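Asks: Quick one: the structure is below, and I'll ask about it shortly.
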Amino acid sequence: MRIELLNGKDIENRIKTVATAGKLSRTKGNVFEVLDSCTDFDKNLKLINRIIGMGHKTIIEHDYFVFALSDISLMVEQSIIGYRLTSFTIKSGREVDFGHVGYYVPTFRNLDGTVKKNNKSLQKKYCKHLDYLCTEYGKFLEQGVKEEDARFILSYATNTNIIMGLDARELEKMVSDFLYGKKSRIQELKEFGTKLFEIMKEYIPYLVPQIEAKKDYSEDSFQEYYRNQKITPYEKVRLTHYTPNPDEVILRSALQYRNQCQEKELEDFEKELTKQNPEWRKDIFEKLTNTLEQREFEQVQFGFEIPISLIILKHLTRHRMHSLLVPDFVPLWDVHNYQTPPSIKRVDEKHYQEIQAANAKILDEFKKENIMEEDLIYFYLCGQFVNVMTTINGRALEWISRMRCCTKAHWEIRAIAREMVKQVKEVAPLFGNCLGTTCEVFHTCPEGKESCGRVNAG
């Protein structure tokens with residue numbers, strides 16, 4: 001694992017900017033006069049520490065950092081993209097051969113956290129198994145299976161590379177969680193948080209006291225509520241709840257805020273509009289679809305249950321503006337529940353099943369060693385099913401449909417997105433007509449030469 005700060009090393013100017021933000025609201029003069037007054041580095045740092053020590057942390061949202069993350073596992077990738085105010089550019093497993101990128105090797109621990117006496121032999125056995133998975137991945141590629149499907153047998157320990165950007169407030173939350181929260185029980189996340197903290201000490205000194213003052217909060221307070229010992233994947237995507245009368249809510253919000261009237265006055269407005277144009281409802285939705293803000297779509301929400309494979313989960317997680325609930329990695333899930341790509345079914349489904357069975361078998365062998373579950377999560381394969389829930393506002397759902405219903409999206413996330421759209425159309429037909437790919441809704445495509453060809457690229 002290697003982490004390097006790419007942007008944000010100009011510490012004096014950064015500290016000056018944050019101090020200006022902290023000083024601005026209670027200092028005479030315009031923002032440039034306040035900026036010119038913040039010339040003393042030590043005073044600026046002292047001011048920042050005092051303000052954030054009072055809990056006023058919005059000022060550190062002006063301090064932004066970009067990191068290069070090399071050779072971190074897919075498990076870490078999924079863990080960090082859950083921080084919704086963080087930006088990522090990730091090496092694509094759909095386009096790149098991941099068979100030789102390496103993988104994370106944990107130190108196997110007893111249930112009390114001490115290192116097992118036979119750790120070395122366990123690591124050797126673990127590496128042999130992961131090498132086997134990489135070899136079988138390569139064999140599927142040789143048989144014509146694309147990288148995007150062959151990766152379903154790779155371990156969640158497989159390495160990847162990422163560019164990550166986030167502000168200081170989100171960085172503090174991430175590092176705190178990895179050093180002191182439940183995630184700190186996972187060695188690699190603890191290592192990741194420690195490396196980020198070392199960078200903090202050099203370039204973000206005002207966050208150091210904040211991190212050092214944290215207390216351990218790694219205990220899982222919900223243990224007594226774990227009841228389902230046999231978890232199986234949801235049968236399909238299912239719309240579980242939604243804003244009542246979503247079409248009407250959107251229409252009324254569009255009228256109400258533009259006319260600055262009370263909700264009870266809208267009935268008369270609607271009668272007038274119907275006399276003038278019986279199709280006014282459809283017209284408003286068409287206009288909303290072609291506006292940039294679309295705040296009216298945010299007034300409605302839709303909740304879903306979604307079965308999804310681990311490797312595709314990130315495609316859903318990366319859409320920041322929805323409330324996604326992803327189970328913790330422990331207690332361990334049933335590794336017999338997995339997705340089988342159609343291309344593998346055509347080539348050699350039986351061998352794919354044998355690989356999954358071999359993985360489940362070796363996991364059982366490691367479980368018998370009484371190893372901490374946090375050290376066993378790397379036996380999750382990328383095709384492992386996980387059940388997630390989310391609540392999405394209409395605007396975020398529209399954006400997801402643009403990206404994920406596309407023929408160029410991975411087949412699994414595409415099937416999920418299209419099913420979500422289908423079910424929303426049943427309860428909100430007018431809004432549902434706004435959902436879908438750009439070629440379906442706008443009859444154009446932004447992909448240029450990489451367009452699938454359904455419509456003329458523009």
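The way I read the labels, and the way they are meant: chains A, B, ... in the order of the structure tokens, residue 1 as the first residue of every chain, and ligand 1 as the first ligand shown, with later ones counted on from there.
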Taking the backbone alone, and naming residues the way the document does, which bits of range 119-284 of chain A are alpha helix (DSSP H) by DSSP, as number ranges by chain?
Replies: A: 119-142, 147-150, 168-180, 187-203, 208-212, 246-259, 266-276, 280-284
Asks: Residues within 9 Å of Ile81 in chain A, please, as a list in words. Count only C-alpha atoms; anything in the same chain fewer than 6 positions from it doesn't count.
Replies: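 So the residues in contact are Ser87, Phe88, Lys314, Thr317, Arg318 and Arg320 of chain A.
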Asks: What lies within 10 Å of Thr407 in chain A using only C-alpha atoms, ignoring chain neighbours under 2 positions off, as a VMD selection string?
Replies: chain A and resid 403 to 405 409 to 411 414 437 451 to 454
Asks: Could you write out that same residue set with C-alpha atoms as a CSV table (one decimal), in the first residue's frame?
Replies:
```
chain,number,residue,atom,x,y,z
A,403,MET,CA,-25.7,6.4,-16.5
A,404,ARG,CA,-26.7,2.9,-15.6
A,405,CYS,CA,-29.5,2.0,-18.0
A,409,ALA,CA,-23.0,0.0,-18.5
A,410,HIS,CA,-22.2,-3.4,-17.0
A,411,TRP,CA,-25.0,-5.8,-17.6
A,414,ARG,CA,-27.9,-2.1,-16.1
A,437,THR,CA,-30.7,6.9,-21.0
A,451,SER,CA,-21.4,5.6,-28.7
A,452,CYS,CA,-23.1,2.2,-29.0
A,453,GLY,CA,-24.8,3.4,-32.2
A,454,ARG,CA,-28.4,3.4,-31.1
```
Asks: From the options A:Lys23, A:Lys190, A:Lys350, A:Lys275, which residue's atoms come nearest to Ser176 in chain A, counting only C-alpha atoms?
Replies: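 Checking each of A:Lys23, A:Lys190, A:Lys350, A:Lys275 against Ser176 in chain A, counting only C-alpha atoms, the winner is A:Lys190.
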Asks: Using only C-alpha atoms, which residue out of A:Cys406, A:Leu133, A:Ala168, A:Val441 lies closest to Val66 in chain A?
Replies: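 Among A:Cys406, A:Leu133, A:Ala168, A:Val441, it is A:Ala168 that comes nearest to Val66 in chain A.
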Asks: Can you tell me, as a PDB file with N, CA and C atoms, in the first residue's frame, what residues are no more than 7 Å from Glu148 in chain A when counting only C-alpha atoms, ignoring any on the same chain fewer than 3 positions away?
Replies:
```
ATOM      1  N   GLY A  93     -11.880  -2.340 -13.645  1.00  0.00           N
ATOM      2  CA  GLY A  93     -11.751  -3.787 -13.776  1.00  0.00           C
ATOM      3  C   GLY A  93     -12.452  -4.316 -15.014  1.00  0.00           C
ATOM      4  N   ARG A  94     -13.204  -3.444 -15.674  1.00  0.00           N
ATOM      5  CA  ARG A  94     -13.864  -3.838 -16.925  1.00  0.00           C
ATOM      6  C   ARG A  94     -12.904  -3.735 -18.104  1.00  0.00           C
ATOM      7  N   ARG A 151     -13.596 -11.219 -13.552  1.00  0.00           N
ATOM      8  CA  ARG A 151     -13.233 -10.701 -12.223  1.00  0.00           C
ATOM      9  C   ARG A 151     -14.179 -11.163 -11.121  1.00  0.00           C
TER      10      ARG A 151
END
```
Asks: Write out as a compact mmCIF listing (two decimals) with C-alpha atoms, in the first residue's frame which residues come within 12 Å of Phe67 in chain A when counting only C-alpha atoms, dropping same-chain ones fewer than 3 positions away.
Replies:
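In the end it all went to selection-v7.txt:
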```txt
# COMPACT_ATOMS: atom_id res chain seq x y z
CA ARG A 2 1.30 3.41 -0.96
CA ILE A 3 -0.40 6.76 -0.35
CA GLU A 4 0.92 10.06 -1.66
CA LEU A 5 -0.51 13.56 -1.35
CA LEU A 6 -0.63 15.04 -4.85
CA ASN A 7 -2.37 18.34 -4.22
CA GLY A 8 -2.39 20.29 -0.97
CA LYS A 9 1.29 20.53 0.00
CA TYR A 64 -8.94 20.27 -0.16
CA SER A 70 -1.62 2.53 -4.94
CA THR A 86 -15.30 12.32 -1.55
CA SER A 87 -14.39 12.11 -5.25
CA PHE A 88 -12.76 9.12 -6.92
CA THR A 89 -11.24 8.07 -10.20
CA ASN A 161 -5.36 2.05 -7.74
CA ILE A 162 -7.31 5.24 -7.13
CA ILE A 163 -7.13 9.03 -7.26
CA MET A 164 -9.07 10.34 -4.25
CA GLY A 165 -10.06 13.94 -3.55
CA LEU A 166 -11.74 15.24 -0.39
CA ASP A 167 -11.86 18.21 1.97
CA LEU A 171 -10.77 13.40 5.70
CA LYS A 195 -0.79 6.32 6.70
CA LEU A 196 -3.27 9.15 6.12
CA ILE A 199 0.40 12.77 6.14
CA MET A 200 -1.90 14.87 8.32
```
Asks: At what distance in Å, to one decimal, does CA of Leu141 in chain A lie from CA of Val347 in chain A?
Replies: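 Taking CA of Val347 in chain A as the start and CA of Leu141 in chain A as the end point, the length is 10.6 Å.
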Asks: Do you have the CA of Phe98 in chain A-CA of Ile311 in chain A distance handy?
Replies: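 Interatomic distance here is 12.7 Å.
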Asks: Which one is closest to Arg281 in chain A: A:Pro429, A:Asp112, A:Leu381, A:Glu398? Count only C-alpha atoms.
Replies: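 Nearest candidate to Arg281 in chain A out of A:Pro429, A:Asp112, A:Leu381, A:Glu398: A:Pro429.
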Asks: Name all residues at most 10 Å from range 352-369 of chain A (count only C-alpha atoms; drop same-chain ones fewer than 5 positions away) and give them as a short mmCIF file (atom, residue, chain, number, x, y, z; two decimals) with N, CA and C atoms, in the first residue's frame.
Replies:
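Written file, around25.cif:
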```
data_model
loop_
_atom_site.label_atom_id
_atom_site.label_comp_id
_atom_site.auth_asym_id
_atom_site.auth_seq_id
_atom_site.Cartn_x
_atom_site.Cartn_y
_atom_site.Cartn_z
N PHE A 108 -3.03 -13.11 10.32
CA PHE A 108 -4.16 -13.82 10.91
C PHE A 108 -4.07 -13.80 12.44
N ARG A 109 -5.18 -13.39 13.06
CA ARG A 109 -5.20 -13.15 14.51
C ARG A 109 -6.20 -14.07 15.21
N ASN A 110 -5.90 -14.31 16.48
CA ASN A 110 -6.84 -15.02 17.33
C ASN A 110 -8.04 -14.12 17.62
N LEU A 111 -9.06 -14.70 18.23
CA LEU A 111 -10.27 -13.94 18.51
C LEU A 111 -10.01 -12.76 19.46
N LYS A 116 -1.74 -15.20 15.57
CA LYS A 116 -1.74 -16.65 15.72
C LYS A 116 -0.32 -17.21 15.56
N ASN A 118 0.59 -19.92 14.23
CA ASN A 118 0.77 -20.52 12.90
C ASN A 118 0.41 -19.53 11.78
N LEU A 122 -0.55 -20.13 7.77
CA LEU A 122 -1.86 -19.72 7.29
C LEU A 122 -1.74 -18.74 6.12
N LYS A 125 -0.88 -20.65 2.99
CA LYS A 125 -2.07 -21.34 2.46
C LYS A 125 -3.01 -20.35 1.79
N TYR A 126 -3.18 -19.21 2.40
CA TYR A 126 -4.02 -18.13 1.86
C TYR A 126 -3.49 -17.67 0.50
N HIS A 129 -4.11 -20.05 -2.29
CA HIS A 129 -5.50 -20.01 -2.75
C HIS A 129 -5.74 -18.79 -3.64
N LEU A 130 -5.24 -17.63 -3.25
CA LEU A 130 -5.46 -16.44 -4.06
C LEU A 130 -4.71 -16.51 -5.39
N TYR A 132 -4.31 -19.26 -6.97
CA TYR A 132 -5.19 -20.16 -7.73
C TYR A 132 -6.33 -19.36 -8.36
N LEU A 133 -6.93 -18.45 -7.61
CA LEU A 133 -8.02 -17.64 -8.14
C LEU A 133 -7.54 -16.78 -9.31
N GLU A 136 -7.13 -18.99 -12.38
CA GLU A 136 -8.41 -19.34 -12.99
C GLU A 136 -9.03 -18.14 -13.69
N TYR A 137 -8.82 -16.96 -13.14
CA TYR A 137 -9.25 -15.72 -13.80
C TYR A 137 -8.62 -15.62 -15.19
N PHE A 140 -10.18 -18.02 -17.70
CA PHE A 140 -11.45 -17.54 -18.25
C PHE A 140 -11.21 -16.51 -19.34
N ALA A 150 -14.87 -12.07 -15.85
CA ALA A 150 -13.88 -12.97 -15.25
C ALA A 150 -13.55 -12.53 -13.83
N PHE A 152 -15.31 -11.77 -11.47
CA PHE A 152 -16.26 -12.22 -10.46
C PHE A 152 -15.67 -13.32 -9.57
N ILE A 153 -14.56 -13.95 -10.00
CA ILE A 153 -13.94 -14.98 -9.15
C ILE A 153 -12.73 -14.45 -8.40
N SER A 155 -10.62 -12.40 -5.56
CA SER A 155 -10.83 -12.10 -4.15
C SER A 155 -11.02 -10.60 -3.95
N ASP A 334 -22.78 -15.49 3.85
CA ASP A 334 -22.74 -16.83 3.28
C ASP A 334 -22.10 -16.75 1.89
N VAL A 335 -20.90 -17.30 1.73
CA VAL A 335 -20.19 -17.19 0.46
C VAL A 335 -20.73 -18.14 -0.61
N HIS A 336 -21.74 -18.92 -0.26
CA HIS A 336 -22.36 -19.78 -1.27
C HIS A 336 -23.35 -18.99 -2.13
N ASN A 337 -23.65 -17.76 -1.74
CA ASN A 337 -24.54 -16.90 -2.52
C ASN A 337 -23.70 -16.02 -3.45
N TYR A 338 -23.77 -16.27 -4.72
CA TYR A 338 -22.94 -15.51 -5.65
C TYR A 338 -23.63 -15.34 -7.00
N THR A 340 -23.54 -15.35 -11.09
CA THR A 340 -22.85 -16.04 -12.18
C THR A 340 -23.07 -15.26 -13.48
N PRO A 341 -22.05 -14.66 -14.05
CA PRO A 341 -22.20 -13.90 -15.30
C PRO A 341 -22.69 -14.79 -16.44
N ILE A 344 -20.00 -16.53 -18.49
CA ILE A 344 -19.38 -17.69 -17.86
C ILE A 344 -20.31 -18.90 -17.92
N LYS A 345 -21.61 -18.64 -17.83
CA LYS A 345 -22.57 -19.74 -17.97
C LYS A 345 -22.41 -20.40 -19.34
N VAL A 347 -19.63 -20.40 -21.20
CA VAL A 347 -18.29 -20.98 -21.40
C VAL A 347 -18.06 -22.20 -20.53
N ASP A 375 -10.36 -10.81 9.66
CA ASP A 375 -9.24 -11.28 8.86
C ASP A 375 -9.68 -12.24 7.76
N LEU A 376 -10.94 -12.64 7.80
CA LEU A 376 -11.44 -13.62 6.85
C LEU A 376 -12.27 -12.99 5.73
N ILE A 377 -12.46 -11.69 5.78
CA ILE A 377 -13.32 -11.04 4.78
C ILE A 377 -12.72 -11.11 3.37
N TYR A 378 -11.43 -11.39 3.28
CA TYR A 378 -10.80 -11.46 1.96
C TYR A 378 -11.15 -12.76 1.23
N PHE A 379 -11.90 -13.63 1.89
CA PHE A 379 -12.41 -14.81 1.20
C PHE A 379 -13.72 -14.49 0.47
N TYR A 380 -14.22 -13.26 0.66
CA TYR A 380 -15.32 -12.84 -0.20
C TYR A 380 -14.77 -12.71 -1.62
N LEU A 381 -15.49 -13.28 -2.57
CA LEU A 381 -15.12 -13.10 -3.97
C LEU A 381 -15.97 -11.98 -4.56
N GLY A 383 -17.88 -11.83 -6.96
CA GLY A 383 -19.23 -12.20 -7.36
C GLY A 383 -20.17 -12.44 -6.20
N GLN A 384 -19.66 -12.30 -4.97
CA GLN A 384 -20.46 -12.52 -3.77
C GLN A 384 -21.67 -11.59 -3.73
#
```
Asks: Compile the contact shell of range 204-220 of chain A as a list in words: residues with an atom at most 8 Å away, counting only C-alpha atoms, same-chain residues fewer than 6 positions apart removed.
Replies: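 My list of contacting residues is Ile11, Leu45, Ile48, Asn49, Gly53, Glu172, Val175, Ser176, Tyr180, Gly181, Lys182, Lys183, Ser184, Arg185 and Phe197 of chain A.
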Asks: Any idea what the distance is between CA of Thr390 in chain A and CA of Phe329 in chain A?
Replies: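 Going from CA of Thr390 in chain A over to CA of Phe329 in chain A, I get 17.7 Å.
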Asks: Please identify the strand (DSSP E) residues within range 150-387 of chain A (assignment by DSSP from backbone atoms) and present them as number ranges by chain.
Replies: A: 159-167, 238-242, 301-309, 322-325, 385-387
Asks: Create the file for the chosen residues now, containing C-alpha atoms and written as a short mmCIF file (atom, residue, chain, number, x, y, z; two decimals), in the first residue's frame.
Replies:
```cif
data_model
loop_
_atom_site.label_atom_id
_atom_site.label_comp_id
_atom_site.auth_asym_id
_atom_site.auth_seq_id
_atom_site.Cartn_x
_atom_site.Cartn_y
_atom_site.Cartn_z
CA ASN A 159 -5.31 -4.66 -5.45
CA THR A 160 -6.50 -1.57 -7.28
CA ASN A 161 -5.36 2.05 -7.74
CA ILE A 162 -7.31 5.24 -7.13
CA ILE A 163 -7.13 9.03 -7.26
CA MET A 164 -9.07 10.34 -4.25
CA GLY A 165 -10.06 13.94 -3.55
CA LEU A 166 -11.74 15.24 -0.39
CA ASP A 167 -11.86 18.21 1.97
CA ARG A 238 -38.07 -4.29 -5.27
CA LEU A 239 -39.60 -0.88 -4.73
CA THR A 240 -40.38 -0.90 -1.01
CA HIS A 241 -41.69 2.60 -0.34
CA TYR A 242 -42.17 5.92 -2.07
CA GLN A 301 -38.24 9.69 -2.80
CA PHE A 302 -38.20 6.01 -3.70
CA GLY A 303 -36.90 3.16 -1.52
CA PHE A 304 -35.52 -0.11 -2.89
CA GLU A 305 -34.24 -3.52 -1.84
CA ILE A 306 -31.43 -4.53 -4.16
CA PRO A 307 -29.46 -7.79 -4.46
CA ILE A 308 -26.07 -6.96 -5.97
CA SER A 309 -22.62 -8.48 -6.35
CA HIS A 322 -28.88 8.58 -2.04
CA SER A 323 -29.06 6.92 1.35
CA LEU A 324 -27.46 3.55 0.72
CA LEU A 325 -27.33 0.95 3.49
CA PHE A 385 -24.05 -11.34 -3.36
CA VAL A 386 -24.93 -8.70 -0.80
CA ASN A 387 -28.35 -7.25 0.03
#
```
Asks: Go through A:Glu147, A:Thr243, A:Tyr83, A:Thr444 one by one, measure the shortest atom-to-atom distance of each to Val96 in chain A using only C-alpha atoms, and give the residue with the smallest value.
Replies: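 Using only C-alpha atoms, the shortest distance to Val96 in chain A belongs to A:Glu147.
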